[in-house]
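K.L.:
Below are the structure tokens for one structure; questions will follow.
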Amino acid sequence: MSKIAPSVIKLRKKQESKTKRKGDLAPNPEMWAALKNGKLLNDILEDFYTQVFADSQLAPFFKDATKQRAIEKQYLFLKGIFTGEKCYFGERPRNAHHWMVISNELFDYREKLMEDTLRKYDLAEPLIEQWIAIDEIYRKQIVKSEAFGKKVGGIEIPAEGYEVDVLTVGSLCDVCEAELSPGDKITYHVRTGKVFCSNCTPENTAL
Ligand code: HEM
């Protein structure tokens, strides 16, 4: 039988330990049971993000994301809150939304869409209130009039803009898919990492 490394055992123990959050973020077994241990949560998020991806106000924020990935991230984020398990390893909401200019009105609009979806799936009213209370905790971190750089290890990473660089390895242009060789000059977006060859610079490309 293969031996499990002590670092893996430590990580597993850490994952298995529950969070000790209080208030609206405290583990909520009643909510998790109503969500059929995640089965209903998945159905709700599938429906919610289908609406989001078809919505003219919300869809533009998701232009570089896939619906499936958005559902998976949100599922683990909410599962982590409702069960108290450490199962979400994605970005915290402040950093995840750092480049998105989201007004209070747009936040309300998304919240209403979520509320209507929860009602459609017959979640009890007190549980809907508890769910919305969680969204509200993050309002202050998400609503803003200007994008800000995300902070990683105390360093602010810029949200928008382009840099020019010279490739040290081969790559592809993300616009025309032309093959690029080491030594080629490229432009890249500082947040998304999207690569533009010298024919497809951001100025002459519809982004
Ligand atoms: C108008 C409001 C909102 C908009 C437009 C929005 C938009 C987005 C977008 C575009 C992503 C990236 C998806 C991807 O890359 O797959 C994202 C990720 C995420 N959002 Fe939101 N969001 C909003 C509100 C919220 C709220 C209220 C919460 C929490 C309660 C939330 C939690 C998250 C989480 C946990 C992620 C995943 C972070 C990661 O990439 O690791 N969002 N959101």
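By convention in this document, the chains of the structure tokens carry letters A, B, ... by their order, each chain's residues are numbered from 1, and ligands are numbered from 1 in the order they are shown.
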Using only C-alpha atoms and all ligand atoms, determine which residues fall within 6 Å of ligand 1, then list them as an mmCIF file with N, CA and C atoms, in the first residue's frame.

P.N.:
```
data_model
loop_
_atom_site.group_PDB
_atom_site.id
_atom_site.type_symbol
_atom_site.label_atom_id
_atom_site.label_comp_id
_atom_site.auth_asym_id
_atom_site.auth_seq_id
_atom_site.Cartn_x
_atom_site.Cartn_y
_atom_site.Cartn_z
ATOM 1 N N LEU A 58 -26.180 41.624 -17.599
ATOM 2 C CA LEU A 58 -25.221 40.807 -16.835
ATOM 3 C C LEU A 58 -24.247 40.031 -17.724
ATOM 4 N N PHE A 61 -20.355 40.877 -18.475
ATOM 5 C CA PHE A 61 -19.318 40.602 -17.468
ATOM 6 C C PHE A 61 -18.737 39.194 -17.640
ATOM 7 N N PHE A 62 -19.507 38.310 -18.261
ATOM 8 C CA PHE A 62 -19.113 36.896 -18.365
ATOM 9 C C PHE A 62 -18.528 36.556 -19.731
ATOM 10 N N ALA A 65 -15.872 34.016 -19.666
ATOM 11 C CA ALA A 65 -16.116 32.882 -18.754
ATOM 12 C C ALA A 65 -17.073 31.892 -19.415
ATOM 13 N N ARG A 69 -18.298 26.820 -15.722
ATOM 14 C CA ARG A 69 -17.290 27.198 -14.721
ATOM 15 C C ARG A 69 -17.892 28.158 -13.690
ATOM 16 N N ALA A 70 -18.743 29.077 -14.174
ATOM 17 C CA ALA A 70 -19.379 30.029 -13.251
ATOM 18 C C ALA A 70 -20.259 29.268 -12.257
ATOM 19 N N LYS A 73 -17.991 27.347 -9.676
ATOM 20 C CA LYS A 73 -17.375 28.224 -8.666
ATOM 21 C C LYS A 73 -18.407 28.652 -7.630
ATOM 22 N N GLN A 74 -19.591 29.065 -8.128
ATOM 23 C CA GLN A 74 -20.632 29.541 -7.217
ATOM 24 C C GLN A 74 -21.126 28.403 -6.328
ATOM 25 N N PHE A 77 -18.553 27.854 -3.604
ATOM 26 C CA PHE A 77 -18.553 29.010 -2.705
ATOM 27 C C PHE A 77 -19.731 28.897 -1.727
ATOM 28 N N GLY A 90 -11.488 29.235 -4.475
ATOM 29 C CA GLY A 90 -11.434 30.307 -5.479
ATOM 30 C C GLY A 90 -11.109 31.644 -4.840
ATOM 31 N N GLU A 91 -11.249 32.680 -5.629
ATOM 32 C CA GLU A 91 -10.956 34.032 -5.152
ATOM 33 C C GLU A 91 -12.043 34.497 -4.182
ATOM 34 N N PRO A 93 -14.689 37.336 -2.907
ATOM 35 C CA PRO A 93 -15.483 38.224 -3.768
ATOM 36 C C PRO A 93 -14.817 39.574 -4.098
ATOM 37 N N ALA A 96 -12.348 38.725 -6.813
ATOM 38 C CA ALA A 96 -12.979 38.115 -7.998
ATOM 39 C C ALA A 96 -13.662 39.170 -8.866
ATOM 40 N N ILE A 102 -19.769 47.625 -10.964
ATOM 41 C CA ILE A 102 -21.125 47.138 -10.667
ATOM 42 C C ILE A 102 -21.800 48.166 -9.757
ATOM 43 N N LEU A 106 -27.434 47.567 -10.325
ATOM 44 C CA LEU A 106 -27.150 46.293 -11.001
ATOM 45 C C LEU A 106 -27.075 45.161 -9.986
ATOM 46 N N PHE A 107 -26.502 45.462 -8.813
ATOM 47 C CA PHE A 107 -26.434 44.459 -7.747
ATOM 48 C C PHE A 107 -27.854 44.051 -7.337
ATOM 49 N N ARG A 110 -29.423 41.823 -10.046
ATOM 50 C CA ARG A 110 -28.961 40.424 -9.969
ATOM 51 C C ARG A 110 -29.594 39.716 -8.770
ATOM 52 N N ASP A 135 -25.746 37.347 0.299
ATOM 53 C CA ASP A 135 -25.364 38.208 -0.839
ATOM 54 C C ASP A 135 -25.059 39.623 -0.350
ATOM 55 N N TYR A 138 -21.691 40.805 0.859
ATOM 56 C CA TYR A 138 -20.644 41.080 -0.127
ATOM 57 C C TYR A 138 -20.900 42.335 -0.958
#
```

K.L.:
Could you produce a table of the residues of region 27-139 of chain A lying within 12 Å of region 157-167 of chain A, with the nearest pair of atoms per residue and their separation in Å rounded to one decimal, using only C-alpha atoms, ordered by chain and increasing residue number, as CSV?

P.N.:
```
residue,atom,partner,partner_atom,distance
A:Asn95,CA,A:Ile157,CA,10.0
A:Ala96,CA,A:Ala159,CA,11.0
A:His97,CA,A:Ala159,CA,10.0
A:His98,CA,A:Ala159,CA,7.1
A:Trp99,CA,A:Ala159,CA,5.3
A:Met100,CA,A:Ala159,CA,9.0
A:Val101,CA,A:Ala159,CA,11.0
```

K.L.:
Next, dump the selected residues to file, keeping only C-alpha atoms, as a compact mmCIF listing (two decimals), in the first residue's frame.

P.N.:
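Output file again15.txt follows:
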```txt
# COMPACT_ATOMS: atom_id res chain seq x y z
CA ASN A 95 -10.69 40.15 -5.69
CA ALA A 96 -12.98 38.12 -8.00
CA HIS A 97 -14.96 41.22 -8.98
CA HIS A 98 -12.13 43.77 -8.82
CA TRP A 99 -12.35 44.78 -12.49
CA MET A 100 -16.16 44.86 -12.67
CA VAL A 101 -17.88 48.23 -12.36
```

K.L.:
If you measure from CA of Asp108 (chain A) to CA of Leu41 (chain A), what distance in Å do you get, rounded to one decimal?

P.N.:
20.9 Å

K.L.:
Could you tell me how far CA of Ala147 (chain A) sits from CA of Asn104 (chain A), in Å to one decimal place?

P.N.:
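Atom-to-atom, CA of Asn104 (chain A) to CA of Ala147 (chain A), that is 14.4 Å.
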
K.L.:
Could you please determine the separation between CA of Met31 (chain A) and CA of Leu78 (chain A) in Å, to one decimal place?

P.N.:
10.6 Å

K.L.:
Once DSSP has gone over the backbone, tell me which residues of region 4-202 of chain A are in alpha helix (DSSP H), as a ChimeraX atom specification.

P.N.:
/A:6-16,29-34,39-53,67-83,93-96,104-120,125-137,139-142

K.L.:
Give me, as a ChimeraX atom specification, all polymer residues having an atom no more than 9 Å from Ala34 (chain A), counting only C-alpha atoms and skipping those fewer than 3 positions away in the same chain.

P.N.:
/A:29-31,37-38,40,123-124,127

K.L.:
For those residues, write N, CA and C atoms to a file as a PDB file, in the first residue's frame.

P.N.:
```
ATOM      1  N   PRO A  29     -27.401  23.973   8.331  1.00  0.00           N
ATOM      2  CA  PRO A  29     -27.828  22.616   7.949  1.00  0.00           C
ATOM      3  C   PRO A  29     -29.242  22.587   7.376  1.00  0.00           C
ATOM      4  N   GLU A  30     -30.110  23.483   7.874  1.00  0.00           N
ATOM      5  CA  GLU A  30     -31.494  23.496   7.378  1.00  0.00           C
ATOM      6  C   GLU A  30     -31.506  23.868   5.886  1.00  0.00           C
ATOM      7  N   MET A  31     -30.683  24.872   5.541  1.00  0.00           N
ATOM      8  CA  MET A  31     -30.581  25.305   4.139  1.00  0.00           C
ATOM      9  C   MET A  31     -30.042  24.156   3.283  1.00  0.00           C
ATOM     10  N   ASN A  37     -28.915  18.411  -0.186  1.00  0.00           N
ATOM     11  CA  ASN A  37     -27.463  18.162  -0.126  1.00  0.00           C
ATOM     12  C   ASN A  37     -26.740  18.568  -1.406  1.00  0.00           C
ATOM     13  N   GLY A  38     -27.199  19.636  -2.028  1.00  0.00           N
ATOM     14  CA  GLY A  38     -26.488  20.183  -3.190  1.00  0.00           C
ATOM     15  C   GLY A  38     -27.169  19.928  -4.519  1.00  0.00           C
ATOM     16  N   LEU A  40     -30.343  20.264  -5.428  1.00  0.00           N
ATOM     17  CA  LEU A  40     -31.207  21.384  -5.822  1.00  0.00           C
ATOM     18  C   LEU A  40     -30.389  22.659  -6.058  1.00  0.00           C
ATOM     19  N   LEU A 123     -38.061  27.326  -2.626  1.00  0.00           N
ATOM     20  CA  LEU A 123     -37.301  27.423  -1.375  1.00  0.00           C
ATOM     21  C   LEU A 123     -38.160  28.232  -0.395  1.00  0.00           C
ATOM     22  N   ALA A 124     -38.208  27.812   0.863  1.00  0.00           N
ATOM     23  CA  ALA A 124     -39.071  28.495   1.852  1.00  0.00           C
ATOM     24  C   ALA A 124     -38.626  29.952   2.017  1.00  0.00           C
ATOM     25  N   LEU A 127     -35.703  30.890   4.217  1.00  0.00           N
ATOM     26  CA  LEU A 127     -34.401  30.478   3.652  1.00  0.00           C
ATOM     27  C   LEU A 127     -33.984  31.437   2.539  1.00  0.00           C
TER      28      LEU A 127
END
```

K.L.:
Hey, what does DSSP flag as strand (DSSP E) within region 6-198 of chain A? Can you give it to me as a ChimeraX atom specification?

P.N.:
/A:150-152,155-157,162-166,171-172,179-180,185-189,195-196

K.L.:
Hey, which of A:Lys120, A:Phe89, A:Gly80, A:Arg139 ends up closest to Ser103 (chain A)? Count only C-alpha atoms.

P.N.:
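Checking each candidate against Ser103 (chain A), we get A:Arg139 as the closest.
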
K.L.:
Tell me which of A:Pro202, A:Glu146, A:Asp47, A:Arg12 sits closest to Thr117 (chain A), counting only C-alpha atoms.

P.N.:
A:Asp47

K.L.:
Using only C-alpha atoms, which residues of region 80-145 of chain A come within 8 Å of region 21-24 of chain A, and what is the closest atom pair for each, with the distance in Å to one decimal? Give it as CSV, sorted by chain and residue number.

P.N.:
```
residue,atom,partner,partner_atom,distance
A:Gly84,CA,A:Arg21,CA,7.7
A:Gln130,CA,A:Asp24,CA,6.9
A:Ala133,CA,A:Asp24,CA,6.6
A:Ile134,CA,A:Asp24,CA,6.1
```

K.L.:
Please provide as an mmCIF file with C-alpha atoms, in the first residue's frame all residues within 12 Å of Lys63 (chain A), with the sequence filter that same-chain residues fewer than 5 positions apart are discarded (counting only C-alpha atoms).

P.N.:
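Final file, out_34.cif:
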```cif
data_model
loop_
_atom_site.group_PDB
_atom_site.id
_atom_site.type_symbol
_atom_site.label_atom_id
_atom_site.label_comp_id
_atom_site.auth_asym_id
_atom_site.auth_seq_id
_atom_site.Cartn_x
_atom_site.Cartn_y
_atom_site.Cartn_z
ATOM 1 C CA VAL A 52 -27.506 35.566 -16.500
ATOM 2 C CA PHE A 53 -25.750 34.507 -19.718
ATOM 3 C CA ALA A 54 -28.819 35.572 -21.736
ATOM 4 C CA ASP A 55 -29.258 38.883 -19.892
ATOM 5 C CA SER A 56 -28.115 42.026 -21.700
ATOM 6 C CA GLN A 57 -27.053 43.748 -18.424
ATOM 7 C CA LEU A 58 -25.221 40.807 -16.835
ATOM 8 C CA ALA A 70 -19.379 30.029 -13.251
ATOM 9 C CA THR A 192 -6.845 38.430 -18.761
ATOM 10 C CA LEU A 207 -12.395 43.492 -28.061
#
```

K.L.:
Could you name the residues that touch region 184-187 of chain A at 12 Å or less, counting only C-alpha atoms, but leaving out those on the same chain fewer than 6 positions away, as a PyMOL selection string?

P.N.:
chain A and resi 161-175+178+193-203+205

K.L.:
Put those residues in a file: C-alpha atoms, as an mmCIF file, in the first residue's frame.

P.N.:
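Final file, result.cif:
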```cif
data_model
loop_
_atom_site.group_PDB
_atom_site.id
_atom_site.type_symbol
_atom_site.label_atom_id
_atom_site.label_comp_id
_atom_site.auth_asym_id
_atom_site.auth_seq_id
_atom_site.Cartn_x
_atom_site.Cartn_y
_atom_site.Cartn_z
ATOM 1 C CA GLY A 161 -4.384 47.993 -19.618
ATOM 2 C CA TYR A 162 -1.897 46.429 -22.009
ATOM 3 C CA GLU A 163 1.803 45.688 -21.910
ATOM 4 C CA VAL A 164 4.167 44.890 -24.754
ATOM 5 C CA ASP A 165 6.569 41.950 -24.440
ATOM 6 C CA VAL A 166 8.822 39.680 -26.491
ATOM 7 C CA LEU A 167 7.971 35.968 -26.446
ATOM 8 C CA THR A 168 10.567 33.565 -25.066
ATOM 9 C CA VAL A 169 8.475 30.516 -26.103
ATOM 10 C CA GLY A 170 6.104 29.856 -29.009
ATOM 11 C CA SER A 171 2.436 30.786 -28.615
ATOM 12 C CA LEU A 172 -0.734 31.644 -30.567
ATOM 13 C CA CYS A 173 -2.428 34.978 -31.149
ATOM 14 C CA ASP A 174 -5.729 34.903 -29.205
ATOM 15 C CA VAL A 175 -7.429 36.925 -31.965
ATOM 16 C CA ALA A 178 -1.613 32.812 -35.962
ATOM 17 C CA GLY A 193 -3.473 37.577 -20.335
ATOM 18 C CA LYS A 194 -5.074 37.721 -23.812
ATOM 19 C CA VAL A 195 -2.292 37.800 -26.426
ATOM 20 C CA PHE A 196 -2.400 40.040 -29.521
ATOM 21 C CA CYS A 197 0.043 39.577 -32.426
ATOM 22 C CA SER A 198 1.471 42.594 -34.245
ATOM 23 C CA ASN A 199 -1.377 42.465 -36.825
ATOM 24 C CA CYS A 200 -4.117 42.301 -34.206
ATOM 25 C CA THR A 201 -3.084 45.040 -31.749
ATOM 26 C CA PRO A 202 -5.892 46.100 -29.351
ATOM 27 C CA GLU A 203 -6.310 49.388 -31.280
ATOM 28 C CA THR A 205 -9.254 44.718 -32.909
#
```
